[in-house]
Structures are given as structure tokens and as C-alpha cells.
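**Student:** Contents of data_22.cif (mmCIF, C-alpha atoms) are given next:
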```
data_model
loop_
_atom_site.label_atom_id
_atom_site.label_comp_id
_atom_site.auth_asym_id
_atom_site.auth_seq_id
_atom_site.Cartn_x
_atom_site.Cartn_y
_atom_site.Cartn_z
CA MET L 14 28.06 19.41 -3.32
CA THR L 15 26.29 19.31 0.02
CA ASP L 16 26.31 22.55 1.98
CA VAL L 17 28.49 21.50 4.90
CA PHE L 18 27.43 24.60 6.85
CA ASP L 19 23.67 24.00 6.60
CA PRO L 20 22.66 23.09 10.19
CA SER L 21 19.29 21.75 9.01
CA HIS L 22 20.94 19.05 6.91
CA LYS L 23 22.27 15.76 8.32
CA ASP L 24 25.42 16.24 6.24
CA ALA L 25 26.31 19.48 8.04
CA HIS L 26 29.79 19.19 9.58
CA GLU L 27 31.33 20.87 12.60
CA GLN L 28 34.78 21.29 11.10
CA VAL L 29 36.62 20.52 7.87
CA VAL L 30 40.41 20.99 7.82
CA PHE L 31 42.60 21.04 4.71
CA CYS L 32 46.20 20.03 5.42
CA ALA L 33 49.20 20.54 3.14
CA ASP L 34 52.92 20.04 3.54
CA PRO L 35 54.59 20.55 0.13
CA ARG L 36 57.98 19.18 1.18
CA SER L 37 56.59 15.75 2.12
CA GLY L 38 53.85 15.85 -0.49
CA LEU L 39 51.07 15.67 2.09
CA ARG L 40 47.63 16.69 0.88
CA ALA L 41 44.95 15.69 3.35
CA ILE L 42 41.44 16.59 4.48
CA ILE L 43 40.14 15.95 7.99
CA ALA L 44 36.36 16.13 8.44
CA ILE L 45 34.69 16.25 11.86
CA HIS L 46 30.99 15.58 11.43
CA SER L 47 29.90 15.55 15.07
CA THR L 48 31.32 15.61 18.59
CA ALA L 49 27.91 15.25 20.25
CA LEU L 50 28.91 11.98 21.89
CA GLY L 51 32.59 12.79 22.40
CA PRO L 52 35.80 13.30 20.39
CA ALA L 53 35.39 12.35 16.74
CA LEU L 54 36.91 8.95 15.95
CA GLY L 55 37.54 7.57 12.48
CA GLY L 56 40.25 6.23 10.21
CA THR L 57 42.58 7.76 7.66
CA ARG L 58 42.08 6.70 4.03
CA PHE L 59 45.11 6.98 1.69
CA TYR L 60 43.78 6.91 -1.86
CA PRO L 61 44.63 8.31 -5.34
CA TYR L 62 41.51 10.45 -5.77
CA GLU L 63 40.97 11.82 -9.26
CA SER L 64 40.42 15.30 -7.84
CA GLU L 65 40.35 17.25 -4.59
CA GLN L 66 36.58 17.57 -5.04
CA ALA L 67 36.25 13.76 -5.12
CA ALA L 68 38.37 13.50 -1.98
CA LEU L 69 36.22 16.09 -0.22
CA ALA L 70 32.99 14.34 -1.18
CA ASP L 71 34.35 11.03 0.13
CA VAL L 72 35.61 12.36 3.45
CA LEU L 73 32.32 14.16 4.12
CA ASN L 74 30.32 11.00 3.47
CA LEU L 75 32.68 8.82 5.46
CA SER L 76 32.79 11.13 8.48
CA ARG L 77 29.00 11.35 8.66
CA GLY L 78 28.87 7.58 8.52
CA MET L 79 31.28 7.41 11.44
CA SER L 80 28.93 9.49 13.61
CA TYR L 81 26.16 6.97 13.02
CA LYS L 82 28.50 3.98 13.34
CA ASN L 83 29.97 5.13 16.65
CA ALA L 84 26.52 5.98 18.00
CA LEU L 85 25.10 2.51 17.31
CA ALA L 86 28.28 0.83 18.52
CA GLY L 87 27.57 2.40 21.92
CA LEU L 88 30.81 4.38 21.92
CA ASP L 89 31.36 7.76 23.56
CA HIS L 90 32.73 9.15 20.33
CA GLY L 91 31.48 11.35 17.55
CA GLY L 92 32.24 10.88 13.89
CA GLY L 93 35.26 11.98 11.92
CA LYS L 94 37.37 10.80 9.01
CA ALA L 95 40.47 11.83 7.11
CA VAL L 96 41.70 11.24 3.58
CA ILE L 97 45.23 11.58 2.26
CA ILE L 98 45.31 12.21 -1.47
CA GLY L 99 47.88 10.07 -3.26
CA ASP L 100 48.99 6.59 -4.17
CA PRO L 101 50.08 4.89 -0.94
CA SER L 102 52.39 2.51 -2.81
CA ARG L 103 54.29 5.48 -4.24
CA ASP L 104 53.65 8.51 -2.04
CA LYS L 105 53.64 7.15 1.51
CA SER L 106 56.73 8.11 3.53
CA GLU L 107 57.82 8.78 7.09
CA PRO L 108 57.91 12.58 6.58
CA LEU L 109 54.42 12.57 5.08
CA LEU L 110 52.93 10.45 7.87
CA ARG L 111 54.63 12.52 10.56
CA ALA L 112 53.42 15.74 8.94
CA TYR L 113 49.92 14.27 8.95
CA GLY L 114 50.34 13.38 12.63
CA ARG L 115 51.20 17.01 13.39
CA PHE L 116 47.94 18.16 11.81
CA VAL L 117 45.98 15.61 13.85
CA GLU L 118 47.73 16.86 17.00
CA SER L 119 46.88 20.47 16.12
CA LEU L 120 43.18 19.67 16.59
CA GLY L 121 43.81 19.11 20.30
CA GLY L 122 41.91 15.83 20.59
CA ARG L 123 38.75 16.81 18.72
CA TYR L 124 39.70 14.11 16.19
CA ILE L 125 41.28 10.71 16.94
CA THR L 126 42.54 8.81 13.92
CA ALA L 127 43.17 5.15 13.04
CA CYS L 128 43.65 2.92 9.97
CA ASP L 129 41.47 2.72 6.88
CA VAL L 130 41.93 1.84 3.21
CA GLY L 131 45.58 2.36 2.25
CA THR L 132 46.88 2.74 5.82
CA TYR L 133 48.08 0.16 8.31
CA SER L 134 49.00 -0.13 11.97
CA GLU L 135 52.64 0.53 11.13
CA ASP L 136 51.59 3.85 9.58
CA MET L 137 49.74 4.77 12.76
CA ASP L 138 52.95 4.06 14.70
CA VAL L 139 54.71 6.68 12.60
CA ALA L 140 51.92 9.27 12.89
CA SER L 141 51.74 8.69 16.65
CA ARG L 142 55.31 9.96 17.01
CA GLU L 143 53.81 13.41 16.38
CA SER L 144 50.38 13.04 17.97
CA ARG L 145 48.75 11.67 21.10
CA PHE L 146 45.50 11.20 19.23
CA VAL L 147 46.37 8.17 17.12
CA THR L 148 45.00 4.68 17.72
CA GLY L 149 45.13 1.43 15.77
CA ARG L 150 48.87 1.14 16.43
CA THR L 151 50.80 -2.14 16.35
CA LEU L 152 50.87 -4.50 19.31
CA ALA L 153 54.59 -3.77 19.69
CA GLN L 154 53.74 -0.11 20.29
CA GLY L 155 51.03 -0.90 22.81
CA GLY L 156 48.21 -0.68 20.30
CA ALA L 157 45.30 -2.88 19.29
CA GLY L 158 46.93 -4.04 16.08
CA ASP L 159 45.04 -4.81 12.89
CA SER L 160 41.45 -3.58 13.28
CA SER L 161 40.29 -5.76 10.39
CA ILE L 162 40.16 -8.67 12.86
CA LEU L 163 37.11 -7.37 14.71
CA THR L 164 35.70 -5.66 11.61
CA ALA L 165 35.34 -9.07 9.96
CA PHE L 166 34.05 -10.58 13.21
CA GLY L 167 31.39 -7.87 13.47
CA VAL L 168 30.28 -8.33 9.86
CA PHE L 169 29.97 -12.04 10.55
CA GLN L 170 27.76 -11.27 13.58
CA GLY L 171 25.59 -9.03 11.41
CA MET L 172 25.36 -11.79 8.81
CA ARG L 173 24.34 -14.30 11.50
CA ALA L 174 21.59 -11.91 12.64
CA SER L 175 20.45 -11.52 9.04
CA ALA L 176 20.30 -15.31 8.63
CA GLU L 177 18.30 -15.55 11.84
CA ARG L 178 15.80 -13.02 10.46
CA VAL L 179 15.50 -14.65 7.01
CA TYR L 180 16.06 -18.35 7.66
CA GLY L 181 15.22 -18.69 11.35
CA THR L 182 18.75 -19.79 12.27
CA PRO L 183 21.93 -17.79 12.87
CA SER L 184 24.08 -20.27 10.98
CA LEU L 185 25.35 -19.76 7.42
CA ARG L 186 25.99 -23.48 6.99
CA GLY L 187 24.97 -24.59 3.53
CA ARG L 188 24.41 -21.00 2.33
CA ARG L 189 26.35 -19.57 -0.61
CA VAL L 190 27.98 -16.23 0.21
CA GLY L 191 29.50 -13.96 -2.44
CA ILE L 192 32.22 -11.62 -1.22
CA GLU L 193 33.28 -8.64 -3.32
CA GLY L 194 36.75 -7.67 -2.14
CA VAL L 195 38.99 -10.03 -0.17
CA GLY L 196 41.51 -7.53 1.15
CA LYS L 197 42.11 -6.66 4.80
CA VAL L 198 38.60 -7.53 5.96
CA GLY L 199 37.23 -9.73 3.19
CA HIS L 200 39.81 -12.50 3.52
CA ARG L 201 39.13 -12.73 7.25
CA LEU L 202 35.40 -12.96 6.56
CA VAL L 203 36.12 -15.92 4.27
CA GLU L 204 37.77 -17.70 7.22
CA LEU L 205 34.80 -17.14 9.52
CA LEU L 206 32.29 -18.25 6.91
CA ARG L 207 34.19 -21.41 6.01
CA GLU L 208 34.45 -22.29 9.71
CA ASP L 209 30.66 -21.92 9.89
CA GLY L 210 30.16 -24.22 6.93
CA ALA L 211 29.19 -21.68 4.26
CA ASP L 212 30.11 -22.00 0.60
CA VAL L 213 32.02 -18.93 -0.58
CA VAL L 214 32.41 -17.20 -3.94
CA ILE L 215 34.82 -14.27 -4.28
CA CYS L 216 36.07 -11.59 -6.65
CA ASP L 217 38.68 -8.85 -6.33
CA VAL L 218 40.45 -6.49 -8.71
CA ASP L 219 43.72 -7.51 -7.01
CA GLU L 220 44.80 -10.93 -8.23
CA ARG L 221 47.20 -11.24 -5.28
CA ALA L 222 44.31 -10.96 -2.84
CA VAL L 223 42.41 -13.68 -4.71
CA GLU L 224 45.46 -15.94 -4.77
CA ARG L 225 45.99 -15.53 -1.03
CA VAL L 226 42.48 -16.84 -0.39
CA ARG L 227 42.77 -19.67 -2.93
CA LEU L 228 46.05 -20.87 -1.43
CA ARG L 229 44.37 -21.32 1.94
CA HIS L 230 40.95 -22.33 0.63
CA PRO L 231 41.21 -23.95 -2.81
CA GLU L 232 37.53 -24.89 -2.54
CA VAL L 233 36.47 -21.23 -2.72
CA ALA L 234 35.05 -20.31 -6.12
CA VAL L 235 36.30 -17.24 -8.02
CA VAL L 236 34.39 -15.15 -10.55
CA ALA L 237 35.77 -12.54 -12.91
CA ASP L 238 34.31 -9.35 -11.50
CA ALA L 239 31.59 -7.70 -9.41
CA ASP L 240 29.00 -7.97 -12.20
CA ALA L 241 29.53 -11.71 -12.39
CA LEU L 242 29.31 -12.02 -8.61
CA THR L 243 26.11 -10.00 -8.19
CA GLY L 244 24.48 -11.96 -11.01
CA ALA L 245 25.52 -15.32 -9.57
CA ASP L 246 23.32 -17.83 -7.79
CA ILE L 247 24.17 -16.84 -4.22
CA ASP L 248 22.18 -16.43 -1.00
CA VAL L 249 24.16 -13.57 0.54
CA PHE L 250 26.05 -10.70 -1.08
CA ALA L 251 28.86 -9.18 1.00
CA PRO L 252 30.31 -5.95 -0.43
CA CYS L 253 33.75 -5.61 1.16
CA ALA L 254 35.51 -3.26 -1.27
CA LEU L 255 34.94 0.48 -1.74
CA GLY L 256 31.58 2.22 -1.37
CA GLY L 257 28.70 2.62 -3.80
CA ALA L 258 28.46 -1.10 -4.59
CA LEU L 259 24.66 -1.05 -4.44
CA ASP L 260 23.34 0.99 -7.34
CA ASP L 261 20.19 0.58 -9.45
CA ALA L 262 21.74 -1.88 -11.88
CA THR L 263 23.30 -4.02 -9.17
CA VAL L 264 20.11 -4.25 -7.13
CA ALA L 265 18.16 -5.26 -10.22
CA ARG L 266 20.68 -8.01 -10.92
CA LEU L 267 20.81 -9.47 -7.40
CA ARG L 268 19.06 -12.76 -6.66
CA VAL L 269 20.04 -12.91 -3.01
CA LYS L 270 18.04 -12.86 0.20
CA ILE L 271 20.61 -10.88 2.23
CA VAL L 272 23.10 -8.08 1.67
CA CYS L 273 25.62 -7.77 4.50
CA GLY L 274 29.19 -6.58 4.02
CA ALA L 275 32.09 -4.55 5.35
CA ALA L 276 32.29 -1.71 2.81
CA ASN L 277 31.37 1.80 3.93
CA ASN L 278 28.61 3.76 2.18
CA GLN L 279 27.33 0.79 0.17
CA LEU L 280 24.16 2.55 -1.01
CA ALA L 281 25.05 4.50 -4.16
CA HIS L 282 22.24 7.01 -3.60
CA ALA L 283 19.15 7.64 -1.51
CA GLY L 284 16.32 5.31 -2.44
CA VAL L 285 18.42 2.18 -3.00
CA GLU L 286 17.39 0.92 0.44
CA LYS L 287 13.75 1.01 -0.72
CA GLN L 288 14.58 -0.87 -3.91
CA LEU L 289 16.21 -3.62 -1.84
CA ALA L 290 13.17 -3.86 0.44
CA GLU L 291 10.78 -3.96 -2.52
CA ARG L 292 12.73 -6.88 -3.98
CA GLY L 293 12.55 -8.76 -0.69
CA ILE L 294 16.28 -8.41 0.00
CA LEU L 295 17.22 -7.86 3.64
CA TYR L 296 19.90 -5.17 3.90
CA ALA L 297 22.05 -5.10 7.04
CA PRO L 298 23.13 -1.42 7.30
CA ASP L 299 26.86 -1.21 6.62
CA TYR L 300 27.77 1.13 9.44
CA VAL L 301 26.08 -1.17 11.94
CA VAL L 302 27.74 -4.43 10.96
CA ASN L 303 31.21 -3.08 10.13
CA SER L 304 31.68 -1.29 13.46
CA GLY L 305 33.88 -4.01 14.97
CA GLY L 306 37.02 -2.23 13.82
CA VAL L 307 36.16 1.07 15.45
CA ILE L 308 35.18 -0.81 18.61
CA GLN L 309 38.66 -2.36 18.56
CA VAL L 310 40.56 0.92 18.13
CA ALA L 311 38.33 2.75 20.61
CA ASP L 312 39.21 0.16 23.23
CA GLU L 313 42.89 0.93 22.66
CA ILE L 314 42.36 4.46 23.98
CA ARG L 315 41.72 3.08 27.47
CA GLY L 316 44.37 0.34 27.25
CA PHE L 317 43.58 -2.44 24.83
CA ASP L 318 42.00 -5.70 25.95
CA MET L 319 41.03 -8.03 23.06
CA GLU L 320 38.60 -10.08 25.14
CA ARG L 321 36.73 -6.94 26.23
CA ALA L 322 36.69 -5.51 22.69
CA ARG L 323 35.56 -8.82 21.16
CA ALA L 324 32.71 -9.08 23.68
CA LYS L 325 31.52 -5.61 22.70
CA ALA L 326 31.81 -6.43 18.99
CA ALA L 327 29.71 -9.56 19.57
CA GLN L 328 26.84 -7.24 20.52
CA ILE L 329 26.58 -6.28 16.83
CA TYR L 330 24.46 -9.41 16.49
CA ASP L 331 21.85 -8.09 18.95
CA THR L 332 21.99 -4.54 17.58
CA THR L 333 21.36 -5.81 14.04
CA LEU L 334 18.38 -7.88 15.18
CA LYS L 335 17.02 -4.85 17.05
CA ILE L 336 17.21 -2.74 13.91
CA PHE L 337 15.42 -5.41 11.88
CA ALA L 338 12.68 -5.52 14.53
CA ILE L 339 12.26 -1.73 14.52
CA ALA L 340 12.15 -1.72 10.72
CA GLY L 341 9.42 -4.35 10.77
CA ASP L 342 7.39 -2.57 13.45
CA GLU L 343 7.64 0.84 11.78
CA GLY L 344 7.31 -0.40 8.21
CA VAL L 345 10.58 1.15 7.01
CA PRO L 346 13.78 -0.28 5.48
CA PRO L 347 16.48 -1.31 7.99
CA ALA L 348 18.72 1.56 6.81
CA VAL L 349 16.06 4.07 7.85
CA ALA L 350 15.52 2.32 11.19
CA ALA L 351 19.27 2.37 11.87
CA ASP L 352 19.51 6.08 11.08
CA ARG L 353 16.64 6.86 13.43
CA LEU L 354 18.17 4.84 16.26
CA ALA L 355 21.58 6.48 15.82
CA GLU L 356 20.11 9.99 15.62
CA ARG L 357 18.09 9.34 18.77
CA ARG L 358 21.21 8.38 20.73
CA MET L 359 23.19 11.34 19.42
CA SER L 360 20.35 13.67 20.41
CA GLU L 361 19.47 12.17 23.79
CA VAL L 362 22.98 11.45 25.06
CA GLY L 363 24.53 14.46 23.34
CA ARG L 364 22.05 16.73 25.14
CA ILE L 365 23.56 15.74 28.49
CA ARG L 366 26.77 17.54 27.51
CA ALA L 367 24.85 20.79 27.88
CA ILE L 368 24.92 20.29 31.65
CA TRP L 369 27.60 22.70 32.88
CA LEU L 370 30.33 21.09 34.97
CA GLY L 371 31.88 24.32 36.21
CA HIS L 372 35.26 23.90 34.49
#
```
Would you give me this structure, written as C-alpha cells?
**Tutor:**
Amino acid sequence: MTDVFDPSHKDAHEQVVFCADPRSGLRAIIAIHSTALGPALGGTRFYPYESEQAALADVLNLSRGMSYKNALAGLDHGGGKAVIIGDPSRDKSEPLLRAYGRFVESLGGRYITACDVGTYSEDMDVASRESRFVTGRTLAQGGAGDSSILTAFGVFQGMRASAERVYGTPSLRGRRVGIEGVGKVGHRLVELLREDGADVVICDVDERAVERVRLRHPEVAVVADADALTGADIDVFAPCALGGALDDATVARLRVKIVCGAANNQLAHAGVEKQLAERGILYAPDYVVNSGGVIQVADEIRGFDMERARAKAAQIYDTTLKIFAIAGDEGVPPAVAADRLAERRMSEVGRIRAIWLGH
């Protein structure tokens, strides 16, 4: 386990809070990685972790990723994340969500939460009854609604930038894109790709998610599982399920030119980014291209405007191209270039907060 208190390590965190309410069954962990750029912003994942240690490892990784994501999205927010341990289909309840909201409120605005895997805008409505620091609420409650809309849009912009870099055109027309996971974000990405003229192949462990896509797009091909997808004859691989999709075996099996997807923490371990580069596969860093959702919920804090948020999410295209250019100039993988760019902004802009305002 990473030493979360080691200030010399990029995984060092400012604050980690364990939350429990036995009556409602709430068991949650809130991790604040950095507030260098402002209050930490990141979603709440509701997931049946096999152990508390697994939940802690996940929330630490996810919160660090949010610091980098928010930095490159140009937001005035640091990185944070929360996980609720449990099966959302069985354990989610109003008392549990309201208890969770109380814990978020107790942090006084250091952490602002939103949706993630296993939570929805309706859940944020419930949590917001106990906390001012909840975003991603429904439109009926004055929120931004489903953040998967701009998450998928941002991934599509990152994919267009990747196509521009590899093929010399930002269009995916005529390309075959394999999407692993067609849930909240993945099914929306299918829509955008089909509109652009791409051929799409999908897989998902949830047959209902697959059926939803096939009902709307019967022309979309379906394969049995992730192994079949990553070994298929495709041009682009889009991991849109849980993290760790890119491990040694998967990279060795890929025959694609581009990897660009919505999942967080796609690289299973350090060094995978080099393996991708060595095999001539262009990797669009996940936290760069999937930042459309956090852009959407961040805009809600100031009073949501979809046109304004969509315009900012469209900039993911330019940011992705910039990272590819830096990677080429410096002779490093795009993941390394993205990290350097994010760390530079956190350092340079975060330093300004040292200027005393007198209050």
C-alpha cells in the first residue's frame, strides 16, 4: 500500500476520511488528494468491494487521478473521490445517502461530490438534502443532470484528436471501434461514433446494456467478452468499463492503432504506457479525454449552462492534440506528457494561493 503521508510521493494525500453509520449501513471513504487548485471535486462510487483495503486502494488511485483530470480540464478544483462500500442494487437507501451527505457537509467544502459508478443524479438529489457541496443533481433540482452526456462527448473529442494524429483526419468514418462497456458512458459513445460513420463492436458483462444498444443499433457487432474484443480486428479500442483494462496480456493482444476510452485508471501498472508506445499504439490518457463529465458538474456549481459546459468540453480535442505534440517533442509516451502538464499547472497556479489576502 502506498504511504499516503509521504510528501515526496505523487500518491501522497491531504486527507482521507473513513465514514460509518451502522444504522443505515453506510461504510464510505472520502479521499482528498490535493486542493492546490481549489476545493477537491470528484464523484462517489458505490461498489461491492471485496475488502476495505480494496476500497481504500481504489479511492486513493481515483482521487489522485481527479487532481490531474481537473488540472488539465482547466478547472479551479483539486482532486478528490469517495467510495461507498456495498451493492447499490441492494444497499442503497435514502438514510444511507443522507448519512453520506452529512459526512460530505462535515468537510466544510474541501470536497465537492458528484456521480460515479453505481450512483446517479437522483442519488445526488438525496445527498444534497444534507449538504451544500453536492453537484451532478437532476435538472428538476437545478442541477446539470446526467454527467455521462459530456463524458462521452469528451471521449469522442479525444478520439477525434487521436485520429487526426494517426490518420491525418479527425473523422472516425470507416474506422472500426471496439467499446468495452456500454453502460452510462459507453452507450452514448456508440451514438456519437455511429453518427460519425464509424463501425462499432461492443461487449459488456451486463446483457441488458448490450441489448439496449442492439435495439437502437442492430448493425453494431457484439463479441463475447473483453478478451475477444481486444483480440479483434479493430482500429480503436475504447475501454469504458472499470479500471485496469490495459495490462501486459491485453497490450500484447491488441492490434489497434489507438486506445481512447472513458474508464478511469486504464493502465494496470506503471510501464504499460511504454509497452503501448513500443507497439506503435497511440494512447490518449484517460483522465484527459474523460474529463467532460467533471466539466459538466463543475459548471453546475456556478449555475449550469449546457452550451457553456459543452464548449469547454470541446476543448478536450485541442488539449489531447497538445499532449500528443509534447510527447513527440520530448520523446515520451502521452501519459507521461499529460502528467507533466498537469503537475506544472498544479505547481504554478497552486503557488499563487500562497499570496496572503488578509482574511
**Student:** Evaluate the PyMOL selection byres ((chain L and resi 273) around 9) against this structure - the residues, as an MDAnalysis selection string, please.
**Tutor:** chainID L and resid 168:169 171:172 175 249:252 271:272 274:275 295:299 302
**Student:** Which one of L:His90, L:Gln28, L:Glu220, L:Val310 sits closest to Ser134 of chain L if you count all atoms listed in the file?
**Tutor:**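 For Ser134 of chain L, the nearest of the given residues is L:Val310.
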**Student:** With distances taken over only C-alpha atoms, which residue among L:Ala49, L:Val96, L:Ala25, L:Val130 lies nearest Arg77 of chain L?
**Tutor:**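 Going through L:Ala49, L:Val96, L:Ala25, L:Val130 one by one, the smallest distance to Arg77 of chain L is for L:Ala25.
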**Student:** Counting all atoms listed in the file, what is within 6 Å of His46 of chain L, bar same-chain residues fewer than 6 positions away, as a PyMOL selection string?
**Tutor:** chain L and resi 26-27+76-77+92-93
**Student:** Using only C-alpha atoms, which residues sit within 9 Å of Asp159 of chain L once same-chain residues fewer than 5 positions away are excluded, as a compact mmCIF listing (two decimals) with C-alpha atoms, in the frame of the given file?
**Tutor:**
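Output saved as out_5.txt:
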```
# COMPACT_ATOMS: atom_id res chain seq x y z
CA CYS L 128 43.65 2.92 9.97
CA TYR L 133 48.08 0.16 8.31
CA SER L 134 49.00 -0.13 11.97
CA GLY L 149 45.13 1.43 15.77
CA ARG L 150 48.87 1.14 16.43
CA THR L 151 50.80 -2.14 16.35
CA LEU L 152 50.87 -4.50 19.31
CA LYS L 197 42.11 -6.66 4.80
CA GLY L 306 37.02 -2.23 13.82
CA GLN L 309 38.66 -2.36 18.56
CA VAL L 310 40.56 0.92 18.13
```
**Student:** Would you kindly place N, CA, C and O atoms on segment 159-172 of chain L and return the model as a PDB file, in the coordinates of the input?
**Tutor:**
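Okay, this is what ended up in selection19.pdb:
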```
ATOM      1  N   ASP L 159      45.855  -4.853  14.098  1.00  0.00           N
ATOM      2  CA  ASP L 159      45.040  -4.810  12.890  1.00  0.00           C
ATOM      3  C   ASP L 159      43.550  -4.809  13.220  1.00  0.00           C
ATOM      4  O   ASP L 159      43.010  -5.811  13.695  1.00  0.00           O
ATOM      5  N   SER L 160      42.864  -3.699  12.939  1.00  0.00           N
ATOM      6  CA  SER L 160      41.450  -3.580  13.280  1.00  0.00           C
ATOM      7  C   SER L 160      40.543  -4.388  12.364  1.00  0.00           C
ATOM      8  O   SER L 160      39.347  -4.534  12.631  1.00  0.00           O
ATOM      9  N   SER L 161      41.111  -4.944  11.275  1.00  0.00           N
ATOM     10  CA  SER L 161      40.290  -5.760  10.390  1.00  0.00           C
ATOM     11  C   SER L 161      39.847  -7.056  11.077  1.00  0.00           C
ATOM     12  O   SER L 161      38.881  -7.690  10.649  1.00  0.00           O
ATOM     13  N   ILE L 162      40.515  -7.437  12.144  1.00  0.00           N
ATOM     14  CA  ILE L 162      40.160  -8.670  12.860  1.00  0.00           C
ATOM     15  C   ILE L 162      38.733  -8.573  13.394  1.00  0.00           C
ATOM     16  O   ILE L 162      37.883  -9.430  13.121  1.00  0.00           O
ATOM     17  N   LEU L 163      38.446  -7.503  14.145  1.00  0.00           N
ATOM     18  CA  LEU L 163      37.110  -7.370  14.710  1.00  0.00           C
ATOM     19  C   LEU L 163      36.122  -6.774  13.711  1.00  0.00           C
ATOM     20  O   LEU L 163      34.913  -6.932  13.884  1.00  0.00           O
ATOM     21  N   THR L 164      36.620  -6.102  12.664  1.00  0.00           N
ATOM     22  CA  THR L 164      35.700  -5.660  11.610  1.00  0.00           C
ATOM     23  C   THR L 164      35.054  -6.879  10.963  1.00  0.00           C
ATOM     24  O   THR L 164      33.826  -6.953  10.813  1.00  0.00           O
ATOM     25  N   ALA L 165      35.866  -7.847  10.577  1.00  0.00           N
ATOM     26  CA  ALA L 165      35.340  -9.070   9.960  1.00  0.00           C
ATOM     27  C   ALA L 165      34.441  -9.824  10.935  1.00  0.00           C
ATOM     28  O   ALA L 165      33.377 -10.331  10.556  1.00  0.00           O
ATOM     29  N   PHE L 166      34.849  -9.898  12.198  1.00  0.00           N
ATOM     30  CA  PHE L 166      34.050 -10.580  13.210  1.00  0.00           C
ATOM     31  C   PHE L 166      32.678  -9.920  13.353  1.00  0.00           C
ATOM     32  O   PHE L 166      31.651 -10.608  13.458  1.00  0.00           O
ATOM     33  N   GLY L 167      32.651  -8.590  13.349  1.00  0.00           N
ATOM     34  CA  GLY L 167      31.390  -7.870  13.470  1.00  0.00           C
ATOM     35  C   GLY L 167      30.479  -8.085  12.262  1.00  0.00           C
ATOM     36  O   GLY L 167      29.263  -8.255  12.411  1.00  0.00           O
ATOM     37  N   VAL L 168      31.069  -8.064  11.073  1.00  0.00           N
ATOM     38  CA  VAL L 168      30.280  -8.330   9.860  1.00  0.00           C
ATOM     39  C   VAL L 168      29.679  -9.726   9.925  1.00  0.00           C
ATOM     40  O   VAL L 168      28.516  -9.943   9.564  1.00  0.00           O
ATOM     41  N   PHE L 169      30.462 -10.669  10.403  1.00  0.00           N
ATOM     42  CA  PHE L 169      29.970 -12.040  10.550  1.00  0.00           C
ATOM     43  C   PHE L 169      28.797 -12.090  11.528  1.00  0.00           C
ATOM     44  O   PHE L 169      27.806 -12.797  11.297  1.00  0.00           O
ATOM     45  N   GLN L 170      28.883 -11.322  12.628  1.00  0.00           N
ATOM     46  CA  GLN L 170      27.760 -11.270  13.580  1.00  0.00           C
ATOM     47  C   GLN L 170      26.517 -10.673  12.925  1.00  0.00           C
ATOM     48  O   GLN L 170      25.389 -11.140  13.143  1.00  0.00           O
ATOM     49  N   GLY L 171      26.712  -9.628  12.123  1.00  0.00           N
ATOM     50  CA  GLY L 171      25.590  -9.030  11.410  1.00  0.00           C
ATOM     51  C   GLY L 171      24.981 -10.000  10.408  1.00  0.00           C
ATOM     52  O   GLY L 171      23.757 -10.046  10.214  1.00  0.00           O
ATOM     53  N   MET L 172      25.833 -10.794   9.773  1.00  0.00           N
ATOM     54  CA  MET L 172      25.360 -11.790   8.810  1.00  0.00           C
ATOM     55  C   MET L 172      24.590 -12.906   9.530  1.00  0.00           C
ATOM     56  O   MET L 172      23.572 -13.410   9.025  1.00  0.00           O
TER      57      MET L 172
END
```
